[in-house]
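See below for my_file-v2.pdb, which holds PDB, C-alpha atoms and all ligand atoms.
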```
MODEL        1
ATOM      1  CA  MET Y   4     -93.370 -52.951  24.775  1.00  0.00           C
ATOM      2  CA  ALA Y   5     -92.499 -55.985  22.714  1.00  0.00           C
ATOM      3  CA  SER Y   6     -91.522 -59.051  24.640  1.00  0.00           C
ATOM      4  CA  ILE Y   7     -87.762 -59.269  24.996  1.00  0.00           C
ATOM      5  CA  ASP Y   8     -87.935 -63.049  24.945  1.00  0.00           C
ATOM      6  CA  ARG Y   9     -89.054 -63.102  21.382  1.00  0.00           C
ATOM      7  CA  SER Y  10     -86.376 -63.118  18.721  1.00  0.00           C
ATOM      8  CA  ASP Y  11     -86.273 -60.207  16.374  1.00  0.00           C
ATOM      9  CA  PRO Y  12     -86.369 -61.602  12.827  1.00  0.00           C
ATOM     10  CA  VAL Y  13     -85.084 -58.325  11.385  1.00  0.00           C
ATOM     11  CA  ILE Y  14     -81.929 -58.353  13.504  1.00  0.00           C
ATOM     12  CA  LEU Y  15     -81.343 -62.064  13.077  1.00  0.00           C
ATOM     13  CA  GLY Y  16     -81.926 -61.872   9.325  1.00  0.00           C
ATOM     14  CA  HIS Y  17     -79.453 -59.024   9.164  1.00  0.00           C
ATOM     15  CA  VAL Y  18     -76.787 -60.979  11.037  1.00  0.00           C
ATOM     16  CA  LEU Y  19     -77.210 -63.911   8.694  1.00  0.00           C
ATOM     17  CA  ALA Y  20     -77.085 -61.703   5.587  1.00  0.00           C
ATOM     18  CA  GLU Y  21     -73.966 -59.903   6.832  1.00  0.00           C
ATOM     19  CA  HIS Y  22     -72.142 -63.101   7.604  1.00  0.00           C
ATOM     20  CA  HIS Y  23     -73.145 -64.607   4.297  1.00  0.00           C
ATOM     21  CA  GLU Y  24     -71.801 -61.590   2.406  1.00  0.00           C
ATOM     22  CA  LEU Y  25     -68.568 -61.859   4.349  1.00  0.00           C
ATOM     23  CA  PHE Y  26     -68.347 -65.543   3.500  1.00  0.00           C
ATOM     24  CA  CYS Y  27     -68.701 -64.723  -0.229  1.00  0.00           C
ATOM     25  CA  GLN Y  28     -65.921 -62.144  -0.073  1.00  0.00           C
ATOM     26  CA  MET Y  29     -63.670 -64.599   1.722  1.00  0.00           C
ATOM     27  CA  MET Y  30     -64.368 -67.253  -0.900  1.00  0.00           C
ATOM     28  CA  ALA Y  31     -63.406 -64.778  -3.647  1.00  0.00           C
ATOM     29  CA  VAL Y  32     -59.963 -64.376  -2.069  1.00  0.00           C
ATOM     30  CA  ARG Y  33     -59.639 -68.083  -1.452  1.00  0.00           C
ATOM     31  CA  SER Y  34     -60.322 -68.906  -5.104  1.00  0.00           C
ATOM     32  CA  ALA Y  35     -57.781 -66.278  -6.150  1.00  0.00           C
ATOM     33  CA  PHE Y  36     -55.199 -68.254  -4.171  1.00  0.00           C
ATOM     34  CA  ALA Y  37     -56.507 -71.698  -5.108  1.00  0.00           C
ATOM     35  CA  ASP Y  38     -55.829 -71.398  -8.854  1.00  0.00           C
ATOM     36  CA  LYS Y  39     -52.970 -73.774  -9.583  1.00  0.00           C
ATOM     37  CA  ALA Y  40     -51.635 -71.714 -12.507  1.00  0.00           C
ATOM     38  CA  ALA Y  41     -48.193 -70.156 -12.124  1.00  0.00           C
ATOM     39  CA  VAL Y  42     -48.125 -66.973 -10.153  1.00  0.00           C
ATOM     40  CA  SER Y  43     -47.705 -63.732 -12.080  1.00  0.00           C
ATOM     41  CA  GLN Y  44     -47.750 -60.065 -11.146  1.00  0.00           C
ATOM     42  CA  GLY Y  45     -51.205 -59.829 -12.761  1.00  0.00           C
ATOM     43  CA  ARG Y  46     -52.468 -62.541 -10.485  1.00  0.00           C
ATOM     44  CA  VAL Y  47     -50.933 -60.926  -7.441  1.00  0.00           C
ATOM     45  CA  ASP Y  48     -52.602 -57.634  -8.429  1.00  0.00           C
ATOM     46  CA  ALA Y  49     -56.004 -59.307  -8.885  1.00  0.00           C
ATOM     47  CA  THR Y  50     -55.649 -60.989  -5.495  1.00  0.00           C
ATOM     48  CA  LEU Y  51     -54.753 -57.659  -3.932  1.00  0.00           C
ATOM     49  CA  VAL Y  52     -57.965 -56.147  -5.330  1.00  0.00           C
ATOM     50  CA  ALA Y  53     -59.971 -58.939  -3.682  1.00  0.00           C
ATOM     51  CA  LEU Y  54     -58.015 -58.559  -0.432  1.00  0.00           C
ATOM     52  CA  HIS Y  55     -58.593 -54.806  -0.334  1.00  0.00           C
ATOM     53  CA  ALA Y  56     -62.322 -55.314  -0.948  1.00  0.00           C
ATOM     54  CA  LEU Y  57     -62.459 -57.891   1.837  1.00  0.00           C
ATOM     55  CA  ARG Y  58     -60.520 -55.614   4.176  1.00  0.00           C
ATOM     56  CA  GLU Y  59     -62.910 -52.727   3.597  1.00  0.00           C
ATOM     57  CA  HIS Y  60     -65.929 -54.957   3.985  1.00  0.00           C
ATOM     58  CA  LEU Y  61     -64.557 -56.396   7.192  1.00  0.00           C
ATOM     59  CA  ARG Y  62     -63.741 -52.964   8.617  1.00  0.00           C
ATOM     60  CA  CYS Y  63     -67.364 -51.869   8.037  1.00  0.00           C
ATOM     61  CA  HIS Y  64     -68.681 -55.153   9.392  1.00  0.00           C
ATOM     62  CA  PHE Y  65     -66.677 -54.815  12.615  1.00  0.00           C
ATOM     63  CA  GLU Y  66     -67.620 -51.172  12.965  1.00  0.00           C
ATOM     64  CA  LYS Y  67     -71.305 -52.042  12.738  1.00  0.00           C
ATOM     65  CA  GLU Y  68     -70.918 -54.805  15.306  1.00  0.00           C
ATOM     66  CA  GLU Y  69     -69.088 -52.455  17.650  1.00  0.00           C
ATOM     67  CA  GLU Y  70     -71.659 -49.679  17.268  1.00  0.00           C
ATOM     68  CA  GLY Y  71     -74.345 -51.841  18.790  1.00  0.00           C
ATOM     69  CA  GLY Y  72     -76.919 -54.161  17.358  1.00  0.00           C
ATOM     70  CA  PHE Y  73     -77.131 -57.862  17.855  1.00  0.00           C
ATOM     71  CA  LEU Y  74     -74.128 -58.303  20.172  1.00  0.00           C
ATOM     72  CA  GLU Y  75     -75.212 -55.513  22.481  1.00  0.00           C
ATOM     73  CA  GLU Y  76     -78.772 -56.751  22.294  1.00  0.00           C
ATOM     74  CA  SER Y  77     -77.603 -60.242  23.249  1.00  0.00           C
ATOM     75  CA  ILE Y  78     -76.061 -58.828  26.450  1.00  0.00           C
ATOM     76  CA  ALA Y  79     -79.247 -56.915  27.207  1.00  0.00           C
ATOM     77  CA  ARG Y  80     -81.162 -60.148  26.927  1.00  0.00           C
ATOM     78  CA  MET Y  81     -78.598 -62.252  28.751  1.00  0.00           C
ATOM     79  CA  PRO Y  82     -76.063 -60.254  30.804  1.00  0.00           C
ATOM     80  CA  ARG Y  83     -73.824 -63.248  31.419  1.00  0.00           C
ATOM     81  CA  LEU Y  84     -72.835 -63.047  27.735  1.00  0.00           C
ATOM     82  CA  GLY Y  85     -70.945 -59.807  28.491  1.00  0.00           C
ATOM     83  CA  PRO Y  86     -67.455 -61.345  28.776  1.00  0.00           C
ATOM     84  CA  ALA Y  87     -67.936 -63.421  25.616  1.00  0.00           C
ATOM     85  CA  VAL Y  88     -68.963 -60.308  23.679  1.00  0.00           C
ATOM     86  CA  ALA Y  89     -66.002 -58.345  25.080  1.00  0.00           C
ATOM     87  CA  ALA Y  90     -63.659 -61.131  23.907  1.00  0.00           C
ATOM     88  CA  ILE Y  91     -65.245 -61.080  20.446  1.00  0.00           C
ATOM     89  CA  MET Y  92     -64.780 -57.315  20.119  1.00  0.00           C
ATOM     90  CA  LYS Y  93     -61.126 -57.605  21.149  1.00  0.00           C
ATOM     91  CA  GLN Y  94     -60.439 -59.910  18.206  1.00  0.00           C
ATOM     92  CA  HIS Y  95     -61.503 -57.345  15.582  1.00  0.00           C
ATOM     93  CA  PRO Y  96     -58.278 -55.299  15.437  1.00  0.00           C
ATOM     94  CA  PHE Y  97     -56.153 -58.467  15.350  1.00  0.00           C
ATOM     95  CA  LEU Y  98     -58.101 -59.859  12.418  1.00  0.00           C
ATOM     96  CA  LEU Y  99     -57.662 -56.610  10.487  1.00  0.00           C
ATOM     97  CA  THR Y 100     -53.938 -56.599  11.309  1.00  0.00           C
ATOM     98  CA  GLU Y 101     -53.627 -60.104   9.903  1.00  0.00           C
ATOM     99  CA  LEU Y 102     -55.169 -58.988   6.624  1.00  0.00           C
ATOM    100  CA  ASP Y 103     -52.981 -55.875   6.544  1.00  0.00           C
ATOM    101  CA  ALA Y 104     -49.874 -58.030   6.862  1.00  0.00           C
ATOM    102  CA  LEU Y 105     -50.998 -60.107   3.868  1.00  0.00           C
ATOM    103  CA  ILE Y 106     -51.714 -57.009   1.813  1.00  0.00           C
ATOM    104  CA  LYS Y 107     -48.308 -55.618   2.713  1.00  0.00           C
ATOM    105  CA  LEU Y 108     -46.574 -58.861   1.789  1.00  0.00           C
ATOM    106  CA  LEU Y 109     -48.209 -58.996  -1.644  1.00  0.00           C
ATOM    107  CA  SER Y 110     -47.778 -55.270  -2.270  1.00  0.00           C
ATOM    108  CA  ALA Y 111     -43.987 -55.446  -2.077  1.00  0.00           C
ATOM    109  CA  GLY Y 112     -43.699 -56.134  -5.826  1.00  0.00           C
ATOM    110  CA  ASP Y 113     -42.350 -59.644  -5.307  1.00  0.00           C
ATOM    111  CA  SER Y 114     -44.361 -62.174  -7.280  1.00  0.00           C
ATOM    112  CA  SER Y 115     -42.065 -65.130  -6.561  1.00  0.00           C
ATOM    113  CA  PRO Y 116     -43.659 -68.530  -5.871  1.00  0.00           C
ATOM    114  CA  ALA Y 117     -42.195 -68.489  -2.333  1.00  0.00           C
ATOM    115  CA  THR Y 118     -43.901 -65.210  -1.440  1.00  0.00           C
ATOM    116  CA  TRP Y 119     -47.116 -66.346  -3.065  1.00  0.00           C
ATOM    117  CA  GLU Y 120     -47.014 -69.558  -1.066  1.00  0.00           C
ATOM    118  CA  GLN Y 121     -46.371 -67.637   2.133  1.00  0.00           C
ATOM    119  CA  ALA Y 122     -49.310 -65.323   1.414  1.00  0.00           C
ATOM    120  CA  SER Y 123     -51.541 -68.262   0.584  1.00  0.00           C
ATOM    121  CA  ARG Y 124     -50.719 -69.966   3.874  1.00  0.00           C
ATOM    122  CA  GLY Y 125     -51.197 -66.687   5.703  1.00  0.00           C
ATOM    123  CA  TYR Y 126     -54.622 -66.335   4.175  1.00  0.00           C
ATOM    124  CA  GLU Y 127     -55.665 -69.828   5.256  1.00  0.00           C
ATOM    125  CA  CYS Y 128     -54.569 -68.964   8.767  1.00  0.00           C
ATOM    126  CA  PHE Y 129     -56.570 -65.722   8.692  1.00  0.00           C
ATOM    127  CA  ALA Y 130     -59.608 -67.558   7.273  1.00  0.00           C
ATOM    128  CA  ALA Y 131     -59.473 -70.088  10.117  1.00  0.00           C
ATOM    129  CA  HIS Y 132     -59.329 -67.306  12.713  1.00  0.00           C
ATOM    130  CA  MET Y 133     -62.151 -65.486  11.002  1.00  0.00           C
ATOM    131  CA  GLN Y 134     -64.292 -68.594  10.864  1.00  0.00           C
ATOM    132  CA  ALA Y 135     -63.731 -69.259  14.562  1.00  0.00           C
ATOM    133  CA  HIS Y 136     -64.603 -65.633  15.282  1.00  0.00           C
ATOM    134  CA  GLU Y 137     -67.886 -65.758  13.386  1.00  0.00           C
ATOM    135  CA  ARG Y 138     -68.744 -69.079  14.962  1.00  0.00           C
ATOM    136  CA  THR Y 139     -68.371 -67.578  18.427  1.00  0.00           C
ATOM    137  CA  GLU Y 140     -70.487 -64.627  17.380  1.00  0.00           C
ATOM    138  CA  ASN Y 141     -73.208 -66.853  16.029  1.00  0.00           C
ATOM    139  CA  ALA Y 142     -73.141 -68.842  19.260  1.00  0.00           C
ATOM    140  CA  VAL Y 143     -73.619 -65.649  21.287  1.00  0.00           C
ATOM    141  CA  VAL Y 144     -76.552 -64.531  19.159  1.00  0.00           C
ATOM    142  CA  GLN Y 145     -78.050 -67.963  19.305  1.00  0.00           C
ATOM    143  CA  GLU Y 146     -77.801 -67.968  23.072  1.00  0.00           C
ATOM    144  CA  GLY Y 147     -78.808 -64.323  23.520  1.00  0.00           C
ATOM    145  CA  TYR Y 148     -81.882 -64.721  21.400  1.00  0.00           C
ATOM    146  CA  ASN Y 149     -82.590 -68.170  22.701  1.00  0.00           C
ATOM    147  CA  GLU Y 150     -83.084 -69.301  19.182  1.00  0.00           C
ATOM    148  CA  ASP Y 151     -81.683 -72.264  17.323  1.00  0.00           C
ATOM    149  CA  LEU Y 152     -80.553 -70.709  14.079  1.00  0.00           C
ATOM    150  CA  GLY Y 153     -78.742 -73.790  12.860  1.00  0.00           C
ATOM    151  CA  LEU Y 154     -75.627 -71.610  12.670  1.00  0.00           C
ATOM    152  CA  LEU Y 155     -73.172 -73.737  14.522  1.00  0.00           C
ATOM    153  CA  ASP Y 156     -72.390 -76.342  11.891  1.00  0.00           C
TER     154      ASP Y 156
HETATM  155 FE    FE Y 201     -67.121 -59.707  14.714  1.00  0.00          FE
HETATM  156 FE    FE Y 202     -69.471 -60.821  12.407  1.00  0.00          FE
ENDMDL
END
```
How does this structure look as structure tokens?
Amino acid sequence: MASIDRSDPVILGHVLAEHHELFCQMMAVRSAFADKAAVSQGRVDATLVALHALREHLRCHFEKEEEGGFLEESIARMPRLGPAVAAIMKQHPFLLTELDALIKLLSAGDSSPATWEQASRGYECFAAHMQAHERTENAVVQEGYNEDLGLLD
């Protein structure tokens, strides 16, 4: 049997790739909001496309994490990480709900600057929560695999 103390480069590489992909999708939505041009229905629609893509990606990402893999493996390696992993899993539905609220807000057919501004602020709030979430996850993997991945910056 392979030594459990050794990090598994396949799993770790996968975690990094997944989180990088997520980061790219989040940046796509952020740049949709960042454009200083006046808001229009076309812009709202384009942002909704990016938000829906991010939502679907996130749903799959969470599902994979919940099915097992690196978080479960981290507990197997270091049982004291159990509560931290349980707390991470609990955040998943809340993060999805936050995105759903944004999608609902922008889907109401109101492309006024006030609504756009509200959605933009809501997205920044979601992004901050998401970033904190991924940071905690990376910390758990780093600890579970006893490996400095340089992920905590
Ligand atoms: Fe997660
Ligand atoms: Fe994640």
Taking (-72.3, -64.8, 6.3) in the file's coordinates as the center, which residues reach within 12 Å of it, counting all atoms listed in the file, put as number ranges by chain? Y: 15-30, 60-61, 64, 133-134, 136-138, 140-141, 154
Of Y:Ala117, Y:Ala104, Y:Val13, Y:Ile78, the one sitting nearest Y:Phe129 when using only C-alpha atoms is Y:Ala104
Among listed residues Y:Gln94, Y:Asn149, Y:Ser115, Y:Gln44, nearest ligand FE 201 (chain Y) (using all atoms listed in the file):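 For ligand FE 201 (chain Y), the nearest of the given residues is Y:Gln94.
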When the PyMOL selection byres (((chain Y and resi 77) around 12) and not hetatm) is applied to the file above, which residues end up in the set, as a ChimeraX atom specification? /Y:7-11,14-15,68,71-76,78-89,140-150
Measuring between all atoms listed in the file, which one of Y:Met92, Y:Ala130, Y:Ala122, Y:Ala111 shows the shortest distance to ligand FE 201 (chain Y)?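 The answer is Y:Met92, which sits nearest to ligand FE 201 (chain Y).
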Atom CA of Y:Glu69 to atom CA of Y:Ala31, distance in Å rounded to a single decimal: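 Between these atoms lies a distance of 25.3 Å.
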Restricting the calculation to all atoms listed in the file: of Y:Ile91, Y:Val52, Y:Val47, Y:Leu57, which residue gets closest to ligand FE 202 (chain Y)?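 Checking each of Y:Ile91, Y:Val52, Y:Val47, Y:Leu57 against ligand FE 202 (chain Y), counting all atoms listed in the file, the winner is Y:Ile91.
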